[in-house]
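Inspection log for the structure reproduced underneath, given as structure tokens.
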Amino acid sequence: MCASSGKAAHWDQVDWPKCERQVRRLQARIVKATREGRWGKVKTLQRLLTCSFSGKALAVKRVTGNQGRRTPGVDNVSWTTPAGKLTAIGSLQRRGYRPLPLRRVLIPKANGKQRPLGIPTMKDRAMQALYLLALEPIAETTADPNSYGFRPKRSTADALQQCFNVLCRGCSPQWVLEGDIKGCFDHISHSWLRDHVLTDQVVLQKWLKAGYLENRTLFPTEAGTPQGGIISPTLANLTLDGLETLLSKHFPREKWKDGKLWRPKVNLVRYADDFIITGDSKELLESEVRPLVEQFLKDRELTLSADKTRITHIDEGFDFLGQNLRKYDGKPLVKPSKKNTHAFLEKVRGIIEANAAVSQTVLIGLLNPVIRGWANYHQHCAAKETFNRVDHEIWRALWRWARRRHPKKSRDWVKKHCFPALSNRAWTFAGKTDQQTPDGKPVWLCLAYAGETKIRRHVKIRQDANPFDPQWRPYFVERAFRKKFGITRQQAGIKPS
């Protein structure tokens, strides 16, 4: 796999399917060795992968094909040409590698504060992507079953569905500990990472101690893994993995206590550094579960956020990942949270107000991706009522926009030209395009309405599913088919391969 015969003379000549097969084969062997506890074998396979042409080519392809490919680091270098990309593959060498400091920028958070974001150079990003190919199979094999953030083939919909599963029944736990880790990425212990993360320790140490540049001043990094690095989310997951095992060990599903059968009903659902823990009483979560979690985090030099960590009853409901889960007279419902809906409407209103003089088609082109993205995110919960209210609020904002856009026209004229009756809707915000139908009529570009999004129940991923294990490949193929078409291959009459 490391032979020169696998290399290409030009970027366009790289055999990508072959590269993916070779990397996937090595990753499968890493999974097998990890399950057997053969750590020497794991390190050998990792070294084979990070030295292979296929691994380096896929790493360069990833960093030059994502959204941040045009954002350079402190060296102001970006790989945009095919020749530059091919040269970059040969530059990914462990010997003599020395990462440059990160370029730090501050991005606003929802609470008004700012989040530091570190931007590595293109070469450092590619090296992280390369070593991530060898580390991710281990992280997936040893991960907590109900951890869903920053993991392949898992999503927020899986985490929210798991929350519903553990809280939906009449005998389900009634109390929830909402946990949030204070500055998780910025305070992870470097010594803990070096002692517990199975990767090249020399390269990992260089990344952790690379420092960052802010206002032309170099600052050292004594703790944490920078947000913005490709490998940082996986390092954060590895740091927090083990919490679910610890809770299940201390709080089994049922045990005898004081001569009675006790069911603590402790369940963990985690997405990155946000998590919830359920319990059968408030006292259990306060006096036993929370101190256990705090000690687990203390070993990694992390702490719980006092502002965002609270204990609530299921009848009051709680917000998690932009949705609200609450029981109404004993009936559990998951809806878009008020905070998330408000932020979405404010974003839409901001787009409308910032484009007061553009045409209808331009404004629709700006709004449709935002509306569709938000509606698709919430399409798995009871969001129909919220969708209709959101559509009404958007209509009000667009009506004000249209009246300001045409101040000398009557209401009937504005309605006819900006909100024609199309597609069985009496009011449709639409604009004429330059295209025409075969019978000579103009083609209208219509606004996307959240209320037209179909509510579809999400099927949660299996807890022990591993995308790097060949045994799970048929399951993921079936799952991808169901996600795309809404039915299984068996329902579609396709025989399994």
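Letters A, B, ... mark the chains of the structure tokens in the order given; residue numbers begin at 1 per chain; ligand numbers begin at 1, in order shown.
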For this session: Within region 218-449 of chain A, find each residue whose DSSP state, derived from the backbone, is strand (DSSP E or B), and express the selection as a PyMOL selection string.
Result: chain A and resi 218-219+227+229+255-257+260-262+267-271+274-279+304+310-313+318-320+323-328+331-336+422+425+430-436+442-446
Exercise. Please, which residues of region 222-315 of chain A, numbered as in this document, come out helix (DSSP H, G or I) from DSSP, as a PyMOL selection string?
Worked result: chain A and resi 232-240+243-250+282-298
Would you export the selected residues with N, CA and C atoms as a short mmCIF file (atom, residue, chain, number, x, y, z; two decimals), in the first residue's frame, please?
```cif
data_model
loop_
_atom_site.label_atom_id
_atom_site.label_comp_id
_atom_site.auth_asym_id
_atom_site.auth_seq_id
_atom_site.Cartn_x
_atom_site.Cartn_y
_atom_site.Cartn_z
N SER A 232 -9.69 17.90 16.57
CA SER A 232 -10.11 18.34 17.90
C SER A 232 -11.42 17.71 18.37
N PRO A 233 -12.49 17.64 17.54
CA PRO A 233 -13.72 17.00 18.03
C PRO A 233 -13.53 15.55 18.46
N THR A 234 -12.70 14.80 17.74
CA THR A 234 -12.45 13.40 18.12
C THR A 234 -11.67 13.32 19.43
N LEU A 235 -10.71 14.23 19.62
CA LEU A 235 -9.98 14.25 20.88
C LEU A 235 -10.91 14.59 22.05
N ALA A 236 -11.85 15.50 21.82
CA ALA A 236 -12.81 15.84 22.87
C ALA A 236 -13.72 14.66 23.18
N ASN A 237 -14.15 13.93 22.17
CA ASN A 237 -14.98 12.74 22.40
C ASN A 237 -14.22 11.67 23.17
N LEU A 238 -12.96 11.45 22.82
CA LEU A 238 -12.15 10.47 23.55
C LEU A 238 -11.97 10.87 25.01
N THR A 239 -11.92 12.18 25.26
CA THR A 239 -11.78 12.65 26.63
C THR A 239 -13.02 12.37 27.45
N LEU A 240 -14.20 12.51 26.84
CA LEU A 240 -15.46 12.35 27.57
C LEU A 240 -15.99 10.93 27.52
N LEU A 243 -17.82 8.05 30.48
CA LEU A 243 -18.79 8.56 31.47
C LEU A 243 -20.01 7.65 31.54
N GLU A 244 -20.48 7.18 30.40
CA GLU A 244 -21.65 6.30 30.40
C GLU A 244 -21.34 4.97 31.09
N THR A 245 -20.14 4.43 30.86
CA THR A 245 -19.74 3.19 31.53
C THR A 245 -19.64 3.39 33.03
N LEU A 246 -19.12 4.55 33.44
CA LEU A 246 -19.01 4.85 34.86
C LEU A 246 -20.38 4.93 35.52
N LEU A 247 -21.34 5.58 34.86
CA LEU A 247 -22.68 5.70 35.42
C LEU A 247 -23.38 4.35 35.49
N SER A 248 -23.24 3.54 34.44
CA SER A 248 -23.89 2.23 34.45
C SER A 248 -23.29 1.31 35.51
N LYS A 249 -22.01 1.52 35.83
CA LYS A 249 -21.37 0.71 36.87
C LYS A 249 -21.89 1.08 38.25
N HIS A 250 -22.04 2.37 38.50
CA HIS A 250 -22.50 2.83 39.82
C HIS A 250 -24.02 2.73 39.97
N LYS A 282 -34.94 13.84 42.13
CA LYS A 282 -34.06 15.01 42.10
C LYS A 282 -32.89 14.82 43.07
N GLU A 283 -33.16 14.18 44.21
CA GLU A 283 -32.12 13.97 45.21
C GLU A 283 -31.02 13.07 44.67
N LEU A 284 -31.39 12.04 43.88
CA LEU A 284 -30.39 11.15 43.30
C LEU A 284 -29.45 11.91 42.37
N LEU A 285 -30.01 12.78 41.54
CA LEU A 285 -29.19 13.53 40.59
C LEU A 285 -28.32 14.55 41.31
N GLU A 286 -28.84 15.16 42.36
CA GLU A 286 -28.08 16.19 43.06
C GLU A 286 -26.97 15.61 43.93
N SER A 287 -27.29 14.58 44.70
CA SER A 287 -26.36 14.10 45.72
C SER A 287 -25.44 12.98 45.26
N GLU A 288 -25.81 12.24 44.20
CA GLU A 288 -25.00 11.11 43.78
C GLU A 288 -24.47 11.24 42.35
N VAL A 289 -25.37 11.57 41.41
CA VAL A 289 -24.95 11.60 40.01
C VAL A 289 -24.06 12.79 39.72
N ARG A 290 -24.46 13.97 40.14
CA ARG A 290 -23.66 15.17 39.82
C ARG A 290 -22.26 15.12 40.42
N PRO A 291 -22.07 14.73 41.70
CA PRO A 291 -20.69 14.62 42.21
C PRO A 291 -19.86 13.61 41.45
N LEU A 292 -20.49 12.52 40.98
CA LEU A 292 -19.75 11.52 40.21
C LEU A 292 -19.29 12.09 38.87
N VAL A 293 -20.16 12.86 38.23
CA VAL A 293 -19.79 13.49 36.96
C VAL A 293 -18.70 14.53 37.17
N GLU A 294 -18.81 15.31 38.23
CA GLU A 294 -17.81 16.34 38.50
C GLU A 294 -16.44 15.73 38.76
N GLN A 295 -16.39 14.61 39.45
CA GLN A 295 -15.11 13.94 39.69
C GLN A 295 -14.54 13.37 38.40
N PHE A 296 -15.40 12.82 37.55
CA PHE A 296 -14.96 12.31 36.25
C PHE A 296 -14.33 13.44 35.43
N LEU A 297 -14.95 14.60 35.44
CA LEU A 297 -14.43 15.73 34.67
C LEU A 297 -13.18 16.33 35.32
N LYS A 298 -13.13 16.29 36.64
CA LYS A 298 -11.97 16.87 37.34
C LYS A 298 -10.69 16.15 36.97
#
```
For this session: Could you tell me how far CA of Lys416 (chain A) lies from CA of Ala354 (chain A), in Å and to one decimal?
Result: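 Taking CA of Lys416 (chain A) as the start and CA of Ala354 (chain A) as the end point, the length is 23.9 Å.
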Problem set entry | Spatial neighbours of region 420-433 of chain A, 6 Å, only C-alpha atoms, chain gap at least 5 places, as a list in words | Gln360, Thr361, Val443, Trp444, Leu445, Cys446 and Leu447 of chain A
Those same residues - all heavy atoms - I'd like them written as a PDB file, in the first residue's frame.
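Done, and the output landed in selection-v3.pdb:
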```pdb
ATOM      1  N   GLN A 360     -37.508  40.283  -6.135  1.00  0.00           N
ATOM      2  CA  GLN A 360     -38.123  39.170  -5.409  1.00  0.00           C
ATOM      3  C   GLN A 360     -37.350  37.879  -5.597  1.00  0.00           C
ATOM      4  O   GLN A 360     -37.166  37.108  -4.658  1.00  0.00           O
ATOM      5  CB  GLN A 360     -39.572  38.997  -5.869  1.00  0.00           C
ATOM      6  CG  GLN A 360     -40.486  40.123  -5.434  1.00  0.00           C
ATOM      7  CD  GLN A 360     -41.784  40.135  -6.206  1.00  0.00           C
ATOM      8  OE1 GLN A 360     -42.182  41.132  -6.774  1.00  0.00           O
ATOM      9  NE2 GLN A 360     -42.472  39.007  -6.243  1.00  0.00           N
ATOM     10  N   THR A 361     -36.889  37.627  -6.827  1.00  0.00           N
ATOM     11  CA  THR A 361     -36.170  36.373  -7.082  1.00  0.00           C
ATOM     12  C   THR A 361     -34.860  36.306  -6.309  1.00  0.00           C
ATOM     13  O   THR A 361     -34.470  35.243  -5.806  1.00  0.00           O
ATOM     14  CB  THR A 361     -35.894  36.217  -8.583  1.00  0.00           C
ATOM     15  OG1 THR A 361     -35.209  37.390  -9.059  1.00  0.00           O
ATOM     16  CG2 THR A 361     -37.192  36.048  -9.367  1.00  0.00           C
ATOM     17  N   VAL A 443     -41.988  31.259 -15.824  1.00  0.00           N
ATOM     18  CA  VAL A 443     -41.717  30.347 -14.720  1.00  0.00           C
ATOM     19  C   VAL A 443     -41.516  31.172 -13.450  1.00  0.00           C
ATOM     20  O   VAL A 443     -40.723  32.113 -13.427  1.00  0.00           O
ATOM     21  CB  VAL A 443     -40.474  29.485 -15.003  1.00  0.00           C
ATOM     22  CG1 VAL A 443     -40.138  28.612 -13.802  1.00  0.00           C
ATOM     23  CG2 VAL A 443     -40.702  28.623 -16.237  1.00  0.00           C
ATOM     24  N   TRP A 444     -42.244  30.809 -12.394  1.00  0.00           N
ATOM     25  CA  TRP A 444     -42.172  31.534 -11.139  1.00  0.00           C
ATOM     26  C   TRP A 444     -41.208  30.840 -10.182  1.00  0.00           C
ATOM     27  O   TRP A 444     -41.169  29.615 -10.086  1.00  0.00           O
ATOM     28  CB  TRP A 444     -43.550  31.610 -10.484  1.00  0.00           C
ATOM     29  CG  TRP A 444     -44.547  32.472 -11.216  1.00  0.00           C
ATOM     30  CD1 TRP A 444     -45.278  32.115 -12.301  1.00  0.00           C
ATOM     31  CD2 TRP A 444     -44.909  33.810 -10.902  1.00  0.00           C
ATOM     32  NE1 TRP A 444     -46.093  33.151 -12.692  1.00  0.00           N
ATOM     33  CE2 TRP A 444     -45.886  34.210 -11.843  1.00  0.00           C
ATOM     34  CE3 TRP A 444     -44.524  34.717  -9.910  1.00  0.00           C
ATOM     35  CZ2 TRP A 444     -46.462  35.476 -11.827  1.00  0.00           C
ATOM     36  CZ3 TRP A 444     -45.102  35.977  -9.900  1.00  0.00           C
ATOM     37  CH2 TRP A 444     -46.054  36.348 -10.843  1.00  0.00           C
ATOM     38  N   LEU A 445     -40.418  31.646  -9.488  1.00  0.00           N
ATOM     39  CA  LEU A 445     -39.584  31.141  -8.400  1.00  0.00           C
ATOM     40  C   LEU A 445     -40.317  31.418  -7.101  1.00  0.00           C
ATOM     41  O   LEU A 445     -40.570  32.575  -6.751  1.00  0.00           O
ATOM     42  CB  LEU A 445     -38.220  31.832  -8.391  1.00  0.00           C
ATOM     43  CG  LEU A 445     -37.259  31.426  -7.255  1.00  0.00           C
ATOM     44  CD1 LEU A 445     -36.898  29.947  -7.381  1.00  0.00           C
ATOM     45  CD2 LEU A 445     -36.004  32.290  -7.265  1.00  0.00           C
ATOM     46  N   CYS A 446     -40.692  30.355  -6.379  1.00  0.00           N
ATOM     47  CA  CYS A 446     -41.547  30.484  -5.198  1.00  0.00           C
ATOM     48  C   CYS A 446     -40.735  30.352  -3.914  1.00  0.00           C
ATOM     49  O   CYS A 446     -39.721  29.654  -3.870  1.00  0.00           O
ATOM     50  CB  CYS A 446     -42.654  29.427  -5.221  1.00  0.00           C
ATOM     51  SG  CYS A 446     -43.724  29.511  -6.668  1.00  0.00           S
ATOM     52  N   LEU A 447     -41.232  31.011  -2.889  1.00  0.00           N
ATOM     53  CA  LEU A 447     -40.626  30.905  -1.574  1.00  0.00           C
ATOM     54  C   LEU A 447     -40.911  29.534  -0.970  1.00  0.00           C
ATOM     55  O   LEU A 447     -41.997  28.970  -1.144  1.00  0.00           O
ATOM     56  CB  LEU A 447     -41.193  31.997  -0.651  1.00  0.00           C
ATOM     57  CG  LEU A 447     -40.629  32.053   0.766  1.00  0.00           C
ATOM     58  CD1 LEU A 447     -39.222  32.636   0.751  1.00  0.00           C
ATOM     59  CD2 LEU A 447     -41.533  32.876   1.675  1.00  0.00           C
TER      60      LEU A 447
END
```
For this session: With a distance cut-off of 10 Å and only C-alpha atoms, select the neighbouring residues of Trp16 (chain A), excluding the residue or stretch itself and same-chain residues fewer than 6 positions from it, and output the selection as number ranges by chain.
Result: A: 22, 54, 57-58, 61
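Between CA of Lys56 (chain A) and CA of Gln227 (chain A) the separation is 22.7 Å.
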For this session: Determine, counting only C-alpha atoms, which protein, DNA and RNA residues have an atom within 12 Å of an atom of Lys153 (chain A); residues of the same chain fewer than 2 positions away are not included. Present the result as a PyMOL selection string.
Result: chain A and resi 140+147-151+155-158+460-463+465-468+472-473+475-477+479-480+483
Exercise. Of the residues A:Asp434, A:Pro407, A:Trp413, A:His378, which is the one nearest to Arg456 (chain A), using only C-alpha atoms?
Worked result: A:His378
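One distance worth recording is that between CA of His187 (chain A) and CA of Pro116 (chain A), which is 12.5 Å.
Among A:Gly112, A:Leu45, A:Ile188, A:Val459, the residue with the shortest atom-to-atom distance to Asp299 (chain A), counting only C-alpha atoms, is A:Ile188.
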For this session: Just the residues within 12 Å of Lys43 (chain A), please, counting only C-alpha atoms, with nothing from its chain fewer than 6 positions along; format it as an NGL selection string.
Result: :A and (26-27 or 29-31 or 33-34 or 37 or 49-50 or 131 or 134-135 or 138 or 197-201)
For this session: Write out as number ranges by chain which residues come within 9 Å of Glu254 (chain A) when counting only C-alpha atoms, dropping same-chain ones fewer than 5 positions away.
Result: A: 261-265
